[in-house]
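Next comes run_15.csv, with CSV, C-alpha atoms.
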chain,number,residue,atom,x,y,z
A,12,MET,CA,-15.7,63.6,-22.1
A,13,LEU,CA,-12.6,63.6,-24.3
A,14,ALA,CA,-9.5,65.3,-23.0
A,15,LYS,CA,-8.0,68.1,-25.2
A,16,ALA,CA,-4.8,67.3,-26.9
A,17,GLY,CA,-1.8,69.0,-25.3
A,18,LYS,CA,0.9,70.9,-27.1
A,19,ASN,CA,3.2,67.9,-27.3
A,20,MET,CA,0.5,65.4,-28.1
A,21,PRO,CA,-0.1,64.5,-31.8
A,22,VAL,CA,-3.6,65.1,-33.0
A,23,LEU,CA,-5.2,62.1,-34.7
A,24,ARG,CA,-7.3,62.9,-37.7
A,25,ALA,CA,-9.6,60.6,-39.7
A,26,ILE,CA,-8.6,60.1,-43.4
A,27,LYS,CA,-11.6,60.5,-45.6
A,28,GLY,CA,-12.2,57.8,-48.1
A,29,GLY,CA,-9.4,55.6,-46.7
A,30,LYS,CA,-9.8,51.9,-46.3
A,31,ALA,CA,-8.9,50.1,-43.2
A,32,ALA,CA,-5.8,48.0,-43.6
A,33,PRO,CA,-6.6,44.2,-43.7
A,34,PRO,CA,-5.7,42.4,-40.5
A,35,LYS,CA,-2.5,40.6,-40.6
A,36,PRO,CA,-2.9,36.8,-40.6
A,37,SER,CA,-1.9,35.3,-37.4
A,38,PRO,CA,1.1,32.9,-37.7
A,39,ALA,CA,0.1,29.3,-38.0
A,40,LYS,CA,0.6,27.3,-34.9
A,41,PRO,CA,3.0,24.4,-35.2
A,42,ALA,CA,1.3,21.1,-35.4
A,43,VAL,CA,1.6,19.2,-32.1
A,44,LYS,CA,3.3,16.0,-32.7
A,45,PRO,CA,2.0,12.9,-30.9
A,46,PRO,CA,4.5,11.4,-28.4
A,47,PRO,CA,6.6,8.6,-29.9
A,48,MET,CA,5.1,5.2,-29.3
A,49,ALA,CA,7.1,2.6,-27.3
A,50,VAL,CA,9.0,0.2,-29.5
A,51,ALA,CA,8.3,-3.4,-29.2
A,52,ASP,CA,11.1,-4.2,-26.7
A,53,ASP,CA,10.2,-1.3,-24.4
A,54,ALA,CA,6.6,-2.5,-23.9
A,55,PRO,CA,7.0,-5.8,-22.0
A,56,VAL,CA,8.0,-5.6,-18.4
A,57,ILE,CA,9.8,-9.0,-18.6
A,58,ALA,CA,11.1,-11.0,-21.6
A,59,LEU,CA,9.6,-14.3,-20.3
A,60,ASN,CA,6.1,-15.4,-21.1
A,61,LEU,CA,4.7,-15.6,-17.6
A,62,VAL,CA,1.0,-15.2,-17.0
A,63,PRO,CA,0.2,-12.6,-14.2
A,64,ALA,CA,-1.5,-14.2,-11.2
A,65,LYS,CA,-4.6,-12.7,-9.5
A,66,LEU,CA,-3.4,-10.2,-7.0
A,67,SER,CA,-4.0,-11.0,-3.3
A,68,PRO,CA,-6.0,-8.3,-1.4
A,69,ALA,CA,-2.8,-7.1,0.2
A,70,MET,CA,-1.0,-6.8,-3.1
A,71,ALA,CA,-3.9,-5.2,-4.9
A,72,ALA,CA,-4.0,-2.5,-2.2
A,73,TYR,CA,-0.2,-2.1,-2.4
A,74,PHE,CA,-0.4,-1.7,-6.2
A,75,ARG,CA,-3.2,0.9,-5.8
A,76,LYS,CA,-1.0,2.8,-3.3
A,77,CYS,CA,1.8,2.8,-5.8
A,78,GLN,CA,-0.5,4.1,-8.5
A,79,ASP,CA,-1.8,6.9,-6.3
A,80,LYS,CA,1.6,8.0,-4.9
A,81,LEU,CA,3.8,7.4,-7.9
A,82,GLY,CA,1.4,7.5,-10.8
A,83,PHE,CA,2.4,4.0,-11.9
A,84,VAL,CA,3.3,0.5,-10.6
A,85,PRO,CA,7.1,-0.1,-10.7
A,86,ASN,CA,8.1,-2.7,-13.2
A,87,VAL,CA,10.0,-4.7,-10.6
A,88,LEU,CA,6.7,-5.4,-8.9
A,89,LEU,CA,5.0,-6.3,-12.1
A,90,ALA,CA,7.9,-8.7,-12.9
A,91,TYR,CA,7.1,-10.6,-9.7
A,92,ALA,CA,3.3,-10.5,-10.2
A,93,PHE,CA,3.1,-14.0,-11.8
A,94,ASP,CA,3.5,-15.5,-8.3
A,95,MET,CA,1.9,-14.0,-5.2
A,96,ALA,CA,4.2,-15.8,-2.8
A,97,LYS,CA,7.3,-14.4,-4.5
A,98,LEU,CA,5.8,-10.9,-4.9
A,99,GLU,CA,4.8,-10.6,-1.3
A,100,THR,CA,8.2,-11.9,-0.1
A,101,PHE,CA,10.0,-9.4,-2.4
A,102,VAL,CA,7.8,-6.5,-1.2
A,103,ALA,CA,8.4,-7.4,2.5
A,104,MET,CA,12.1,-7.7,2.0
A,105,TYR,CA,12.4,-4.5,0.0
A,106,ASN,CA,10.3,-2.5,2.5
A,107,ASP,CA,12.3,-3.8,5.5
A,108,LEU,CA,15.7,-3.2,3.7
A,109,MET,CA,15.0,0.3,2.4
A,110,LEU,CA,12.4,1.7,4.8
A,111,GLY,CA,12.8,-0.4,8.0
A,112,ASP,CA,14.7,0.4,11.2
A,113,SER,CA,18.4,0.7,10.5
A,114,GLY,CA,21.5,2.6,11.6
A,115,LEU,CA,21.6,3.8,8.0
A,116,SER,CA,19.3,6.6,7.0
A,117,LYS,CA,16.9,6.2,4.1
A,118,LEU,CA,19.0,8.6,2.2
A,119,GLU,CA,22.2,6.6,2.8
A,120,ARG,CA,20.4,3.4,1.6
A,121,GLU,CA,19.2,5.1,-1.6
A,122,MET,CA,22.8,6.4,-2.1
A,123,ILE,CA,24.1,2.9,-2.0
A,124,ALA,CA,21.4,1.8,-4.5
A,125,VAL,CA,22.4,4.5,-6.9
A,126,ALA,CA,26.2,3.9,-6.6
A,127,VAL,CA,25.7,0.1,-7.1
A,128,SER,CA,23.3,0.6,-10.0
A,129,SER,CA,25.8,3.0,-11.7
A,130,GLN,CA,28.3,0.1,-11.6
A,131,ASN,CA,25.8,-2.2,-13.1
A,132,ARG,CA,24.6,0.4,-15.7
A,133,CYS,CA,21.0,-0.4,-14.7
A,134,TYR,CA,18.9,2.5,-16.2
A,135,TYR,CA,15.7,1.5,-14.4
A,136,CYS,CA,17.3,1.5,-11.0
A,137,LEU,CA,19.3,4.7,-11.6
A,138,THR,CA,16.1,6.5,-12.6
A,139,ALA,CA,14.1,5.2,-9.6
A,140,HIS,CA,16.7,5.5,-6.9
A,141,GLY,CA,18.3,8.6,-8.3
A,142,ALA,CA,14.9,10.3,-7.9
A,143,ALA,CA,14.8,9.1,-4.3
A,144,VAL,CA,18.2,10.6,-3.5
A,145,ARG,CA,17.1,13.9,-4.9
A,146,GLN,CA,13.9,13.8,-2.8
A,147,TYR,CA,15.5,12.7,0.5
A,148,SER,CA,18.5,15.0,0.2
A,149,GLY,CA,16.8,18.0,-1.4
A,150,ASN,CA,19.9,18.2,-3.6
A,151,PRO,CA,19.4,17.4,-7.3
A,152,LEU,CA,23.1,17.7,-7.9
A,153,LEU,CA,23.9,15.0,-5.5
A,154,GLY,CA,21.6,12.6,-7.3
A,155,GLU,CA,23.2,13.4,-10.7
A,156,HIS,CA,26.7,13.0,-9.3
A,157,LEU,CA,25.9,9.6,-7.8
A,158,VAL,CA,24.4,8.5,-11.1
A,159,MET,CA,27.5,9.5,-13.1
A,160,ASN,CA,30.3,8.9,-10.6
A,161,TYR,CA,29.9,9.0,-6.8
A,162,ARG,CA,33.6,10.0,-6.5
A,163,VAL,CA,32.9,13.5,-7.8
A,164,ALA,CA,30.1,14.1,-5.3
A,165,ARG,CA,30.6,16.2,-2.1
A,166,LEU,CA,30.4,13.4,0.4
A,167,ASN,CA,31.5,13.3,4.1
A,168,LYS,CA,34.0,10.6,5.2
A,169,ARG,CA,31.2,8.3,6.4
A,170,GLN,CA,29.3,8.5,3.1
A,171,ARG,CA,32.5,8.0,1.0
A,172,ALA,CA,33.6,4.9,3.0
A,173,MET,CA,30.1,3.5,2.7
A,174,LEU,CA,29.9,3.9,-1.0
A,175,ASP,CA,33.5,2.7,-1.5
A,176,PHE,CA,32.6,-0.5,0.3
A,177,ALA,CA,29.3,-1.0,-1.6
A,178,VAL,CA,31.0,-0.5,-5.0
A,179,LYS,CA,33.9,-2.8,-4.1
A,180,LEU,CA,31.4,-5.5,-3.0
A,181,THR,CA,29.7,-5.1,-6.4
A,182,ALA,CA,32.6,-4.8,-8.7
A,183,ALA,CA,35.1,-7.1,-7.0
A,184,PRO,CA,33.5,-9.0,-4.2
A,185,TRP,CA,36.3,-11.6,-4.0
A,186,SER,CA,38.7,-8.8,-2.9
A,187,VAL,CA,36.7,-7.6,0.1
A,188,GLU,CA,38.8,-8.2,3.3
A,189,GLU,CA,38.7,-7.4,7.0
A,190,GLY,CA,40.5,-4.1,6.3
A,191,ASP,CA,37.5,-2.9,4.3
A,192,ARG,CA,35.2,-3.6,7.2
A,193,GLU,CA,37.6,-2.0,9.6
A,194,ARG,CA,37.6,1.3,7.5
A,195,LEU,CA,33.8,1.4,8.0
A,196,ARG,CA,34.1,0.9,11.7
A,197,ARG,CA,36.6,3.8,11.9
A,198,VAL,CA,34.0,6.2,10.5
A,199,GLY,CA,31.4,5.1,12.9
A,200,PHE,CA,29.5,2.2,11.4
A,201,THR,CA,28.6,-0.8,13.7
A,202,ASP,CA,28.8,-4.3,12.5
A,203,ARG,CA,25.0,-4.3,12.1
A,204,ASP,CA,25.4,-1.2,9.9
A,205,ILE,CA,27.9,-3.0,7.8
A,206,TRP,CA,25.5,-5.9,7.4
A,207,ASP,CA,22.8,-3.4,6.2
A,208,ILE,CA,25.3,-1.8,3.7
A,209,SER,CA,26.1,-5.2,2.3
A,210,ALA,CA,22.4,-6.3,2.2
A,211,VAL,CA,21.4,-3.2,0.3
A,212,ALA,CA,24.3,-3.5,-2.1
A,213,VAL,CA,23.6,-7.2,-2.7
A,214,SER,CA,19.9,-6.6,-3.3
A,215,LEU,CA,20.7,-4.2,-6.1
A,216,ASN,CA,22.8,-6.9,-7.7
A,217,ILE,CA,20.0,-9.4,-8.0
What is this file in structure tokens?
Amino acid sequence: MLAKAGKNMPVLRAIKGGKAAPPKPSPAKPAVKPPPMAVADDAPVIALNLVPAKLSPAMAAYFRKCQDKLGFVPNVLLAYAFDMAKLETFVAMYNDLMLGDSGLSKLEREMIAVAVSSQNRCYYCLTAHGAAVRQYSGNPLLGEHLVMNYRVARLNKRQRAMLDFAVKLTAAPWSVEEGDRERLRRVGFTDRDIWDISAVAVSLNI
């Protein structure tokens, strides 16, 4: 049942003999451009002509785990994949260094990796370890600051001393003296912690 038009409501009347207005054409959708293809020097993982070896069962499982969790296998692993002994040694060293027991937190180790990679201008490492800093810290800004210049980041005294040492060890290793290690001790690092800071920094300089 139709409601009656009120006093303030316009009354709609049909126009005899009128023609319906043609529908307006819908705007054309912009063509979706295909993603740019990788140029030749982006495609190879390594510039050397090394034939990949057959993965051992352990490394095949590790690569599948990377694919499942990350969506890809990191290039650094593919670069070692021509020799299973070297690949397995690298994976064991990396996992112990970055994920094993240490007086350094996983976040602190990733912070060192980013600060050192910033000095070396390593895009690959900055991307990978910068993402880890953002994940562990829950602070995207911290990751960006460390990538650009760790000195502008809001760091506590422990973190600043740690990164100062790691960067000095990277940029001017010949200038590291006992006073540099003593500054780390004063903010709470043990000698084992100092070894770990050095080991992480050195590993990112390989």
(request) Please measure the separation of CA of Val87 in chain A and CA of Ile57 in chain A, giving the value in Å to one decimal. (result) 9.1 Å
(request) Mind giving me the straight-line distance from CA of Val144 in chain A to CA of Ala69 in chain A in Å, one decimal? (result)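 Distance reported for this atom pair: 27.7 Å.
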(message) For a quick check of understanding, using all atoms listed in the file, which of A:Asn160, A:Ser186, A:Asn167, A:Ser67 has the smallest distance to Ser128 in chain A?
(response)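 Among A:Asn160, A:Ser186, A:Asn167, A:Ser67, it is A:Asn160 that comes nearest to Ser128 in chain A.
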(message) List as an NGL selection string the protein and nucleic acid residues near range 131-140 of chain A, meaning an atom at most 9 Å away when all atoms listed in the file are counted, but skip any in the same chain fewer than 6 places from it.
(response) :A and (85-86 or 121-122 or 124-125 or 154 or 158 or 181-182 or 215-216)
Take the residues just selected and output them with C-alpha atoms as a PDB file, in the frame of the given file.
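The resulting file, result03.pdb, is shown below:
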ATOM      1  CA  PRO A  85       7.100  -0.100 -10.700  1.00  0.00           C
ATOM      2  CA  ASN A  86       8.100  -2.700 -13.200  1.00  0.00           C
ATOM      3  CA  GLU A 121      19.200   5.100  -1.600  1.00  0.00           C
ATOM      4  CA  MET A 122      22.800   6.400  -2.100  1.00  0.00           C
ATOM      5  CA  ALA A 124      21.400   1.800  -4.500  1.00  0.00           C
ATOM      6  CA  VAL A 125      22.400   4.500  -6.900  1.00  0.00           C
ATOM      7  CA  GLY A 154      21.600  12.600  -7.300  1.00  0.00           C
ATOM      8  CA  VAL A 158      24.400   8.500 -11.100  1.00  0.00           C
ATOM      9  CA  THR A 181      29.700  -5.100  -6.400  1.00  0.00           C
ATOM     10  CA  ALA A 182      32.600  -4.800  -8.700  1.00  0.00           C
ATOM     11  CA  LEU A 215      20.700  -4.200  -6.100  1.00  0.00           C
ATOM     12  CA  ASN A 216      22.800  -6.900  -7.700  1.00  0.00           C
TER      13      ASN A 216
END
(request) Measure the distance from CA of Arg171 in chain A to CA of Pro184 in chain A in Å and round it to one decimal. (result)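 Rounded to one decimal, the two atoms are 17.8 Å apart.
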(request) Would you list the contacts of range 90-106 of chain A as a VMD selection string, taking every protein, DNA or RNA residue within 10 Å and counting only C-alpha atoms, but skipping same-chain residues closer than 5 positions in sequence? (result) chain A and resid 55 to 67 69 to 70 73 85 111 211 214
(request) Would you please work out which residue, of A:Leu108, A:Cys77, A:Leu118, A:Ala72, is nearest to Ala210 in chain A when using all atoms listed in the file? (result) A:Leu108
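Of the listed residues A:Ile123, A:Ser113, A:Val187, A:His156, the one whose atoms come nearest to Met173 in chain A is A:Ile123, with distances taken using all atoms listed in the file.
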(request) Counting only C-alpha atoms, figure out which residue out of A:Asp107, A:Glu193, A:Asp79, A:Glu188 gets nearest to Asp207 in chain A. (result) A:Asp107
(message) Neighbouring residues of Arg203 in chain A were defined as those with any atom within 12 Å, considering only C-alpha atoms; residues of the same chain fewer than 6 positions away were excluded. Please report them as a list in words.
(response)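 The filter keeps Asp112, Ser113, Gly114, Leu115, Arg192, Leu195, Arg196, Ser209 and Ala210 of chain A.
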Could you please take those selected residues and save C-alpha atoms as a PDB file, in the frame of the given file?
ATOM      1  CA  ASP A 112      14.700   0.400  11.200  1.00  0.00           C
ATOM      2  CA  SER A 113      18.400   0.700  10.500  1.00  0.00           C
ATOM      3  CA  GLY A 114      21.500   2.600  11.600  1.00  0.00           C
ATOM      4  CA  LEU A 115      21.600   3.800   8.000  1.00  0.00           C
ATOM      5  CA  ARG A 192      35.200  -3.600   7.200  1.00  0.00           C
ATOM      6  CA  LEU A 195      33.800   1.400   8.000  1.00  0.00           C
ATOM      7  CA  ARG A 196      34.100   0.900  11.700  1.00  0.00           C
ATOM      8  CA  SER A 209      26.100  -5.200   2.300  1.00  0.00           C
ATOM      9  CA  ALA A 210      22.400  -6.300   2.200  1.00  0.00           C
TER      10      ALA A 210
END
